$ cat protein-v3.txt   # compact mmCIF, C-alpha atoms
# COMPACT_ATOMS: atom_id res chain seq x y z
CA MET A 280 0.00 0.00 0.00
CA ALA A 281 1.05 3.59 -0.49
CA MET A 282 1.59 5.83 2.52
CA ILE A 283 1.55 9.60 3.04
CA ILE A 284 4.32 10.94 5.28
CA LYS A 285 4.36 14.59 6.38
CA GLN A 286 7.79 16.24 6.46
CA ARG A 287 7.57 19.79 7.72
CA LYS A 288 5.64 21.61 4.99
CA THR A 289 5.66 18.81 2.40
CA PHE A 290 3.79 15.53 1.99
CA SER A 291 5.53 12.47 0.55
CA VAL A 292 3.71 9.52 -1.04
CA VAL A 293 5.82 6.42 -0.41
CA TYR A 294 5.38 3.10 -2.21
CA LYS A 295 7.51 0.28 -3.58
CA SER A 296 8.55 -0.12 -7.18
CA THR A 297 6.90 -2.79 -9.33
CA GLU A 298 9.74 -3.11 -11.80
CA LYS A 299 10.99 -6.66 -12.26
CA GLU A 300 14.28 -6.42 -10.43
CA GLU A 301 15.88 -8.63 -7.85
CA LYS A 302 15.16 -6.06 -5.12
CA SER A 303 12.27 -3.65 -4.92
CA TYR A 304 12.99 -0.21 -3.54
CA PRO A 305 10.84 2.56 -2.06
CA ILE A 306 9.76 5.47 -4.24
CA TRP A 307 9.15 8.88 -2.67
CA GLU A 308 6.98 11.42 -4.46
CA THR A 309 6.80 14.80 -2.75
CA TYR A 310 3.90 17.28 -2.90
CA PHE A 311 3.39 20.63 -1.22
CA ASP A 312 -0.24 20.12 -0.22
CA TYR A 313 -2.09 17.20 1.31
CA SER A 314 -4.88 17.05 -1.29
CA SER A 315 -2.39 16.46 -4.14
CA ALA A 316 -0.61 13.76 -2.14
CA LEU A 317 -3.90 12.05 -1.30
CA LYS A 318 -4.99 12.16 -4.96
CA ARG A 319 -1.71 10.50 -6.01
CA LYS A 320 -2.05 7.86 -3.24
CA LEU A 321 -5.51 6.91 -4.52
CA GLU A 322 -4.24 6.70 -8.11
CA ILE A 323 -1.40 4.39 -7.08
CA GLU A 324 -3.69 2.05 -5.16
CA LYS A 325 -6.42 2.08 -7.82
CA HIS A 326 -4.11 1.18 -10.69
CA GLY A 327 -1.90 -1.23 -8.72
CA GLU A 328 1.29 0.76 -9.20
CA TYR A 329 2.74 -0.55 -5.96
CA ASP A 330 3.93 -3.93 -4.77
CA LEU A 331 2.78 -5.13 -1.37
CA ASP A 332 5.39 -7.63 -0.29
CA PRO A 333 4.11 -10.59 1.73
CA ILE A 334 5.12 -10.51 5.39
CA THR A 335 7.91 -13.02 6.09
CA ALA A 336 10.53 -13.54 8.75
CA ASN A 337 12.88 -11.42 6.60
CA THR A 338 10.58 -8.38 6.67
CA LYS A 339 11.96 -5.41 8.57
CA ILE A 340 10.14 -4.82 11.85
CA ILE A 341 9.42 -1.17 11.06
CA ASP A 342 7.92 -2.09 7.66
CA TYR A 343 5.77 -4.76 9.26
CA LEU A 344 4.54 -2.45 12.04
CA GLN A 345 3.49 0.18 9.48
CA TYR A 346 1.56 -2.51 7.63
CA TYR A 347 0.05 -3.80 10.89
CA VAL A 348 -1.34 -0.46 12.07
CA ASN A 349 -2.80 0.40 8.66
CA ALA A 350 -4.21 -3.01 7.75
CA ILE A 351 -5.23 -4.31 11.17
CA GLY A 352 -4.96 -1.60 13.82
CA ILE A 353 -7.36 0.76 12.10
CA LYS A 354 -10.04 -1.94 12.31
CA ILE A 355 -9.69 -2.67 16.02
CA TRP A 356 -8.63 0.67 17.53
CA SER A 357 -10.50 3.92 17.98
CA PRO A 358 -9.45 6.80 15.65
CA SER A 359 -7.54 8.54 18.43
CA ARG A 360 -5.82 5.30 19.47
CA TYR A 361 -4.85 4.59 15.87
CA GLN A 362 -3.43 8.10 15.46
CA SER A 363 -1.54 7.82 18.74
CA ASN A 364 0.00 4.44 17.83
CA VAL A 365 1.16 5.73 14.45
CA GLY A 366 2.95 8.49 16.33
CA VAL A 367 4.45 6.05 18.86
CA ILE A 368 5.92 3.92 16.07
CA HIS A 369 7.35 6.91 14.22
CA ASN A 370 8.64 8.85 17.25
CA TYR A 371 9.92 6.02 19.45
CA ILE A 372 9.93 2.47 18.09
CA ALA A 373 11.52 3.38 14.73
CA LYS A 374 14.52 4.85 16.58
CA VAL A 375 15.47 1.55 18.22
CA VAL A 376 14.45 -1.20 15.78
CA VAL A 377 16.23 0.50 12.85
CA ASN A 378 17.07 -2.30 10.37
CA LYS A 379 16.14 -5.26 12.58
CA LYS A 380 14.11 -7.98 10.89
CA ILE A 381 11.36 -10.12 12.37
CA LYS A 382 13.64 -13.17 12.47
CA ASP A 383 16.22 -11.26 14.52
CA VAL A 384 13.93 -10.80 17.52
CA ASP A 385 14.08 -13.30 20.36
CA LYS A 386 13.51 -12.68 24.08
CA LYS A 387 17.03 -11.32 24.54
CA CYS A 388 16.61 -8.95 21.61
CA ALA A 389 13.18 -7.87 22.89
CA ASP A 390 14.74 -7.01 26.26
CA LYS A 391 17.42 -4.96 24.51
CA ILE A 392 14.83 -3.09 22.45
CA PHE A 393 12.97 -2.01 25.58
CA SER A 394 16.20 -1.17 27.39
CA GLU A 395 17.00 1.22 24.55
CA LEU A 396 13.44 2.56 24.48
CA GLU A 397 13.73 3.60 28.12
CA HIS A 398 16.46 6.06 27.15
CA VAL A 399 14.81 7.61 24.10
CA PRO A 400 14.10 11.34 24.70
CA ALA A 401 10.41 12.15 24.99
CA LEU A 402 8.56 14.48 22.67
CA GLY A 403 6.58 17.18 24.42
CA LYS A 404 2.85 17.50 23.80
CA ARG A 405 1.35 20.65 22.37
CA ASN A 406 2.43 23.67 24.44
CA GLN A 407 4.33 21.45 26.87
CA ILE A 408 8.03 20.97 27.54
CA ALA A 409 9.38 17.50 26.75
CA ASP A 410 10.82 15.23 29.43
CA ASN A 411 14.34 13.86 29.18
CA VAL A 412 13.16 10.27 28.74
CA ILE A 413 10.13 8.53 27.32
CA PRO A 414 7.16 8.58 29.76
CA ILE A 415 5.83 5.33 31.17
CA SER A 416 2.56 5.77 29.28
CA MET A 417 4.46 5.69 25.96
CA LEU A 418 6.42 2.61 27.06
CA ARG A 419 3.11 0.88 27.77
CA SER A 420 1.89 1.84 24.29
CA CYS A 421 5.08 0.36 22.78
CA ILE A 422 4.51 -2.89 24.70
CA SER A 423 0.91 -3.08 23.56
CA ILE A 424 1.87 -2.52 19.91
CA PHE A 425 4.66 -5.13 19.97
CA LYS A 426 2.57 -7.75 21.75
CA GLY A 427 -0.41 -7.32 19.44
CA ALA A 428 1.67 -7.23 16.26
CA PHE A 429 3.75 -10.29 17.16
CA ASP A 430 0.65 -12.21 18.28
CA TYR A 431 -0.56 -11.72 14.71
CA LEU A 432 2.72 -13.21 13.41
CA VAL A 433 2.31 -16.23 15.69
CA ALA A 434 -1.29 -16.72 14.56
CA ASN A 435 -0.13 -16.72 10.93
CA GLU A 436 2.73 -19.14 11.69
CA ILE A 437 5.44 -16.70 10.64
CA ILE A 438 7.12 -17.07 14.05
CA LYS A 439 6.68 -19.74 16.72
CA GLU A 440 6.30 -17.61 19.85
CA ASN A 441 5.86 -13.99 20.83
CA PRO A 442 9.20 -12.70 22.22
CA PHE A 443 7.53 -9.69 23.92
CA LEU A 444 5.00 -11.52 26.12
CA HIS A 445 7.30 -11.61 29.16
CA ILE A 446 7.92 -7.85 29.18
CA ASN A 447 5.95 -5.75 31.62
CA ILE A 448 6.43 -2.22 32.89
CA ALA A 449 6.24 -1.73 36.64
CA GLU A 450 3.45 0.48 37.89
CA ALA A 451 4.56 4.06 38.39
CA PRO A 452 4.29 5.27 41.97
CA LYS A 453 0.98 7.05 42.37
CA LYS A 454 1.24 10.73 43.12
CA SER A 455 -1.04 12.31 45.66
CA THR A 456 -3.50 14.36 43.66
CA VAL A 457 -6.23 16.81 44.53
CA GLU A 458 -9.75 15.50 44.03
CA TRP A 459 -12.88 17.44 43.15
CA THR A 460 -15.30 18.55 45.85
CA LEU A 461 -18.63 20.34 45.43
CA ASP A 462 -16.95 23.54 46.65
CA TYR A 463 -14.30 23.26 43.92
CA VAL A 464 -16.99 22.58 41.32
CA HIS A 465 -18.96 25.65 42.42
CA CYS A 466 -15.79 27.77 42.41
CA MET A 467 -15.04 26.62 38.85
CA PHE A 468 -18.50 27.57 37.57
CA GLN A 469 -18.29 30.96 39.29
CA ASN A 470 -14.94 31.71 37.64
CA CYS A 471 -15.95 30.55 34.16
CA ALA A 472 -16.47 33.65 31.98
CA GLU A 473 -16.59 31.84 28.63
CA THR A 474 -20.19 30.99 27.70
CA LYS A 475 -19.42 27.94 25.52
CA LEU A 476 -17.16 26.42 28.16
CA TYR A 477 -19.75 27.15 30.88
CA VAL A 478 -22.39 25.15 28.99
CA PHE A 479 -19.88 22.39 28.16
CA LEU A 480 -18.85 22.01 31.81
CA HIS A 481 -22.44 21.72 33.03
CA ILE A 482 -23.19 19.03 30.42
CA ILE A 483 -20.11 16.93 31.15
CA PHE A 484 -20.55 17.25 34.94
CA SER A 485 -24.27 16.46 34.97
CA THR A 486 -24.35 13.66 32.37
CA GLY A 487 -20.97 11.92 32.58
CA LEU A 488 -20.65 11.99 28.78
CA GLY A 489 -17.14 11.95 27.33
CA ILE A 490 -15.41 15.11 26.11
CA TYR A 491 -15.72 14.26 22.42
CA GLU A 492 -19.32 13.14 22.87
CA VAL A 493 -20.33 16.52 24.35
CA LEU A 494 -18.46 18.44 21.64
CA GLY A 495 -20.27 16.36 18.99
CA LEU A 496 -23.81 17.00 20.27
CA THR A 497 -26.34 18.54 17.88
CA TRP A 498 -29.59 20.19 18.91
CA SER A 499 -31.51 17.22 17.51
CA ASP A 500 -29.81 15.15 20.24
CA VAL A 501 -31.17 17.41 23.01
CA HIS A 502 -34.73 16.67 24.15
CA ILE A 503 -36.07 19.18 26.68
CA ASP A 504 -39.53 18.70 28.17
CA ASP A 505 -41.73 21.80 28.28
CA ASP A 506 -42.12 21.43 32.03
CA TYR A 507 -38.39 20.71 32.54
CA ASP A 508 -39.21 17.49 34.38
CA GLU A 509 -37.36 14.20 34.44
CA LYS A 510 -38.25 13.51 30.81
CA SER A 511 -35.53 15.87 29.54
CA TYR A 512 -32.57 13.93 28.17
CA ILE A 513 -29.64 13.91 25.74
CA GLU A 514 -29.10 11.17 23.17
CA SER A 515 -25.39 10.91 22.43
CA ARG A 516 -24.80 9.63 18.89
CA ASN A 517 -21.75 11.46 17.57
CA THR A 518 -18.25 12.58 18.45
CA LEU A 519 -16.29 15.62 17.30
CA ARG A 520 -12.57 15.06 16.89
CA ARG A 521 -9.48 16.72 15.47
CA LEU A 522 -7.50 14.01 13.67
CA ASN A 523 -4.57 13.69 11.31
CA LYS A 524 -5.82 13.77 7.70
CA ASN A 525 -4.22 10.42 6.97
CA THR A 526 -6.13 8.97 9.96
CA VAL A 527 -9.36 10.42 8.60
CA TYR A 528 -8.65 8.77 5.24
CA GLN A 529 -8.24 5.38 6.94
CA LEU A 530 -11.61 5.61 8.75
CA ASP A 531 -14.85 4.07 7.61
CA GLN A 532 -16.15 6.96 5.51
CA ASN A 533 -19.75 5.95 6.23
CA LEU A 534 -19.24 7.04 9.84
CA ILE A 535 -18.19 10.57 8.90
CA ILE A 536 -21.03 13.10 8.97
CA ARG A 537 -19.05 16.20 8.08
CA LYS A 538 -15.49 17.40 7.64
CA PHE A 539 -14.83 20.98 8.63
CA PRO A 540 -12.33 22.89 6.48
CA SER A 541 -9.30 24.63 7.94
CA TYR A 542 -9.89 28.35 8.34
CA SER A 543 -6.24 29.34 8.73
CA PHE A 544 -3.97 30.37 5.89
CA ALA A 545 -1.22 27.95 6.92
CA ASN A 546 -1.31 24.38 5.69
CA THR A 547 -2.36 21.97 8.42
CA ASN A 548 -2.19 18.22 8.57
CA THR A 549 -5.22 17.90 10.87
CA GLU A 550 -8.94 18.00 10.24
CA VAL A 551 -11.96 18.45 12.51
CA ILE A 552 -14.64 15.85 11.79
CA LEU A 553 -18.09 15.05 13.13
CA MET A 554 -18.62 11.29 13.07
CA ARG A 555 -21.09 8.68 14.28
CA LYS A 556 -20.04 6.49 17.20
CA LYS A 557 -19.29 2.87 16.33
CA GLU A 558 -20.90 1.63 19.52
CA GLY A 559 -24.22 3.33 18.81
CA SER A 560 -26.17 5.92 20.80
CA LYS A 561 -26.91 6.23 24.50
CA LYS A 562 -29.41 8.32 26.47
CA VAL A 563 -28.66 10.29 29.63
CA ASN A 564 -31.02 12.38 31.72
CA ILE A 565 -30.56 16.14 32.14
CA PRO A 566 -31.21 17.87 35.48
CA MET A 567 -33.94 20.49 35.31
CA LYS A 568 -31.56 23.43 35.87
CA VAL A 569 -29.23 22.23 33.09
CA ALA A 570 -32.19 21.84 30.72
CA MET A 571 -33.20 25.44 31.42
CA LEU A 572 -29.60 26.57 30.85
CA LEU A 573 -29.51 24.78 27.48
CA ARG A 574 -32.64 26.60 26.33
CA GLU A 575 -31.13 29.93 27.31
CA TRP A 576 -27.91 28.98 25.52
CA ARG A 577 -29.79 28.09 22.33
CA ARG A 578 -31.46 31.52 22.23
CA TYR A 579 -28.12 33.19 22.90
CA GLN A 580 -26.37 31.10 20.25
CA ALA A 581 -28.99 32.04 17.63
CA SER A 582 -28.30 35.72 18.22
CA MET A 583 -24.51 35.36 18.16
CA VAL A 584 -23.51 32.70 15.63
CA PHE A 585 -23.19 33.60 11.95
CA GLU A 586 -24.01 30.14 10.59
CA ASN A 587 -24.49 26.75 12.28
CA ILE A 588 -24.27 24.31 9.37
CA VAL A 589 -24.87 21.03 11.22
CA ASP A 590 -26.74 22.55 14.18
CA LEU A 591 -24.04 21.79 16.75
CA VAL A 592 -24.84 22.62 20.36
CA LEU A 593 -21.39 24.15 20.90
CA THR A 594 -19.95 26.46 18.26
CA LEU A 595 -17.73 29.48 17.94
CA LYS A 596 -19.44 32.73 16.95
CA ASP A 597 -18.39 32.31 13.29
CA GLY A 598 -20.11 28.91 13.15
CA ARG A 599 -17.01 26.75 13.43
CA PRO A 600 -17.22 23.79 15.82
CA TYR A 601 -15.99 24.26 19.37
CA ASP A 602 -13.32 21.57 19.19
CA ASP A 603 -11.19 20.18 22.00
CA ARG A 604 -8.27 22.49 21.21
CA ALA A 605 -10.31 25.64 21.81
CA MET A 606 -12.17 24.11 24.74
CA LYS A 607 -9.04 23.00 26.60
CA LYS A 608 -7.47 26.42 26.19
CA ASN A 609 -10.58 28.04 27.74
CA PHE A 610 -10.61 25.43 30.53
CA GLN A 611 -6.96 26.06 31.36
CA ASN A 612 -7.60 29.81 31.62
CA THR A 613 -10.58 29.19 33.91
CA MET A 614 -8.73 26.78 36.20
CA GLU A 615 -5.98 29.33 36.77
CA LYS A 616 -8.56 31.23 38.84
CA VAL A 617 -9.44 28.18 40.98
CA PRO A 618 -7.29 27.96 44.17
CA VAL A 619 -6.11 24.37 43.48
CA SER A 620 -4.24 22.67 40.65
CA GLY A 621 -4.47 19.18 39.17
CA LEU A 622 -8.26 19.19 38.72
CA THR A 623 -8.90 17.75 35.27
CA LEU A 624 -11.90 17.39 32.99
CA VAL A 625 -11.84 13.59 33.20
CA LYS A 626 -11.84 13.79 36.99
CA LEU A 627 -14.73 16.25 36.85
CA LYS A 628 -16.77 13.92 34.63
CA ASN A 629 -16.15 10.92 36.90
CA TYR A 630 -16.75 12.89 40.10
CA GLY A 631 -20.16 14.07 38.88
CA GLN A 632 -21.35 10.46 38.49
CA LYS A 633 -20.05 9.17 41.82
CA TYR A 634 -22.66 8.71 44.51
CA ALA A 635 -22.51 11.22 47.34
CA ASP A 636 -24.97 9.11 49.32
CA LYS A 637 -27.19 6.09 48.69
CA LYS A 638 -29.62 8.07 46.51
CA ASN A 639 -27.80 10.98 44.87
CA THR A 640 -24.77 11.39 42.65
CA ASN A 641 -22.52 14.39 43.31
CA ALA A 642 -24.02 16.11 40.26
CA ALA A 643 -27.60 15.51 41.40
CA LEU A 644 -26.77 16.77 44.88
CA TYR A 645 -25.11 19.89 43.47
CA TYR A 646 -28.08 20.92 41.32
CA ASP A 647 -30.58 20.10 44.08
CA ARG A 648 -28.75 22.46 46.44
CA LEU A 649 -28.65 25.32 43.94
CA GLU A 650 -31.22 27.93 44.91
CA ASP A 651 -30.85 30.16 41.84
CA VAL A 652 -31.55 29.38 38.19
CA LEU A 653 -28.39 28.87 36.13
CA LYS A 654 -27.50 31.88 33.99
CA LEU A 655 -24.92 32.26 31.27
CA PRO A 656 -21.88 34.25 32.44
CA GLU A 657 -22.28 37.98 32.03
CA ASN A 658 -19.93 39.03 29.26
CA LYS A 659 -19.35 42.68 28.47
CA GLU A 660 -18.48 41.71 24.93
CA ASN A 661 -21.90 40.24 24.15
CA PHE A 662 -23.55 43.44 22.94
CA ARG A 663 -20.45 44.43 21.00
CA ASN A 664 -20.35 40.99 19.34
CA ILE A 665 -23.99 41.24 18.28
CA MET A 666 -23.29 44.63 16.70
CA ARG A 667 -20.22 43.21 14.98
CA LYS A 668 -22.30 40.39 13.58
CA GLU A 669 -24.81 42.83 12.07
CA LYS A 670 -22.03 45.02 10.63
CA ALA A 671 -20.17 41.97 9.25
CA LEU A 672 -23.30 40.74 7.45
CA HIS A 673 -23.82 44.24 6.02
CA ILE A 674 -20.18 44.49 4.89
CA LYS A 675 -20.38 41.03 3.35
CA GLU A 676 -23.28 42.12 1.13
CA LEU A 677 -21.46 45.29 0.05
CA PHE A 678 -18.24 43.36 -0.49
CA LYS A 679 -19.88 41.07 -3.04
CA GLU A 680 -20.40 44.08 -5.32
CA ASN A 681 -17.02 45.88 -5.20
CA LEU A 682 -13.85 46.60 -3.25
CA ASN A 683 -14.36 50.40 -3.04
CA ILE A 684 -14.58 50.65 0.75
CA GLU A 685 -13.15 53.74 2.43
CA GLY A 686 -13.18 55.74 5.67
CA ALA A 687 -15.24 54.48 8.58
CA MET A 688 -16.46 51.59 6.43
CA MET A 689 -12.87 50.35 6.31
CA ASN A 690 -12.80 50.09 10.13
CA ASP A 691 -16.02 48.11 10.01
CA LEU A 692 -14.46 45.85 7.37
CA ILE A 693 -11.44 45.18 9.58
CA GLY A 694 -13.74 44.22 12.45
CA ALA A 695 -15.82 42.03 10.14
CA LEU A 696 -12.69 40.23 8.89
CA ASN A 697 -11.75 39.40 12.49
CA ASP A 698 -15.19 37.91 13.10
CA ASP A 699 -15.85 36.07 9.83
CA LEU A 700 -13.02 33.88 8.53
CA ASP A 701 -15.02 33.00 5.42
CA LEU A 702 -15.06 36.69 4.55
CA LYS A 703 -11.32 36.85 5.16
CA GLN A 704 -10.78 33.96 2.75
CA GLU A 705 -13.09 35.56 0.18
CA LEU A 706 -11.09 38.81 0.35
CA LEU A 707 -7.84 36.92 -0.09
CA ASN A 708 -9.23 35.12 -3.15
CA LYS A 709 -10.32 38.40 -4.69
CA LEU A 710 -6.93 39.99 -4.11
CA LEU A 711 -5.24 36.96 -5.68
CA GLY A 712 -7.59 37.13 -8.63
CA LYS A 713 -9.19 33.75 -8.02

$ encode --input "protein-v3.txt" --output "structure tokens"
Amino acid sequence: MAMIIKQRKTFSVVYKSTEKEEKSYPIWETYFDYSSALKRKLEIEKHGEYDLDPITANTKIIDYLQYYVNAIGIKIWSPSRYQSNVGVIHNYIAKVVVNKKIKDVDKKCADKIFSELEHVPALGKRNQIADNVIPISMLRSCISIFKGAFDYLVANEIIKENPFLHINIAEAPKKSTVEWTLDYVHCMFQNCAETKLYVFLHIIFSTGLGIYEVLGLTWSDVHIDDDYDEKSYIESRNTLRRLNKNTVYQLDQNLIIRKFPSYSFANTNTEVILMRKKEGSKKVNIPMKVAMLLREWRRYQASMVFENIVDLVLTLKDGRPYDDRAMKKNFQNTMEKVPVSGLTLVKLKNYGQKYADKKNTNAALYYDRLEDVLKLPENKENFRNIMRKEKALHIKELFKENLNIEGAMMNDLIGALNDDLDLKQELLNKLLGK
């Protein structure tokens, strides 16, 4: 099969030659945008211009692992797990297996591989400083990949036994961490000034839904009873994720509801997608106060958002989805105002569903104790944003006719460009003569 490999600002399509020679060799074709590389990849696979060598004991480990994750892993792992394992192979495993072949690996060799892995420098996550050595979580991922991949070789009688089965990583000493309390939860809500995050936090705390499930909710998933009684519920059917474009290509396309285009001018190798859950839908009840908050949020959203194409519950004001990158940035800013550190979203979700007593979960107890109706955070920018929206729509209509905008209208245009990225792209196209 052909593969797309990103190298800084270029994309390389890699496949093996089909010429009748004693040894096949890899061919690299480089493109400067992902769409061109993907088009070439599809052409190669459609017309059989590549040679997929059978897996044998003489196959290089790194070549086999790349085949394994793309042919088998994508079918058994979640999209995020698949994407993570591709990164683990490229960033860690490839640095220690080098030219080793499947036949070279016995228990002694497996021990040596993991001894070398323990000294590979870690790569820092987004906006984080890297550690000096690979974290234990990555070592566990390496073990899981090796064990699964070599089990497949045993099952297909390419090797007799799995040389990695005896390897285990000792449990890391547990650090004492701060746990959520109802006081911390209340403090968080009081310090949350971002409306979208405020709604998101109430949903995740009250329902126990996962982060990507909440971000993927549409208004058709939200069922609010007119009397706000126990009949109000959410039906979770979708997830919203930011994934590598090559990961998106590997997914079952029937699960993808919509792909959201990049709104930045720089090329990006990721894509935000709304997709159906493989495991099907599930229903969760909504507390009365959260149901009332959601109705208020929907009215507010209608007055603020330019366009909501797929009717998402959580969107930015220009209609783009409120993805995990934007949400986590808002959450980090909010938690800086809370007098404790180490309180995470996953912990919040789990804490809300734990039982405070024999009858009530922590979330149910919290909303029962609230005397006031939940209100969206007061934001001084709200009125200004509504006015900007009206001006931007007006400018957009004028802009379709000509580019002769001067004086005060130019200031309005600048504000409109900041608010509407589609308008910004349209202006750029006009200036480039497209």

$ atom_distance --input "protein-v3.txt" --atom1 "CA of Val619 (chain A)" --atom2 "CA of Leu488 (chain A)"
24.1 Å

$ closest_residue --input "protein-v3.txt" --among "A:Asp651, A:Glu575, A:Asp462, A:Asp603" --to "Leu624 (chain A)" --atoms "all atoms listed in the file"
A:Asp603

$ closest_residue --input "protein-v3.txt" --among "A:Gln362, A:Asn639, A:Asn564, A:Ser511" --to "Ile483 (chain A)" --atoms "all atoms listed in the file"
A:Asn564

$ residues_near_point --input "protein-v3.txt" --point "(-16.7, 13.1, 31.2)" --cutoff "12 Å" --atoms "all atoms listed in the file" --output "PyMOL selection string"
chain A and resi 479-494+623-633

$ atom_distance --input "protein-v3.txt" --atom1 "CA of Thr460 (chain A)" --atom2 "CA of Leu496 (chain A)"
27.0 Å

$ atom_distance --input "protein-v3.txt" --atom1 "CA of Lys562 (chain A)" --atom2 "CA of Tyr512 (chain A)"
6.7 Å

$ closest_residue --input "protein-v3.txt" --among "A:Met282, A:Asn612, A:Tyr371, A:Lys387" --to "Val399 (chain A)" --atoms "all atoms listed in the file"
A:Tyr371

$ closest_residue --input "protein-v3.txt" --among "A:Asn587, A:Thr594, A:Asn641, A:Ser515" --to "Lys561 (chain A)" --atoms "only C-alpha atoms"
A:Ser515

$ closest_residue --input "protein-v3.txt" --among "A:Ser357, A:Gln529, A:Asn447, A:Gln580" --to "Asp390 (chain A)" --atoms "only C-alpha atoms"
A:Asn447
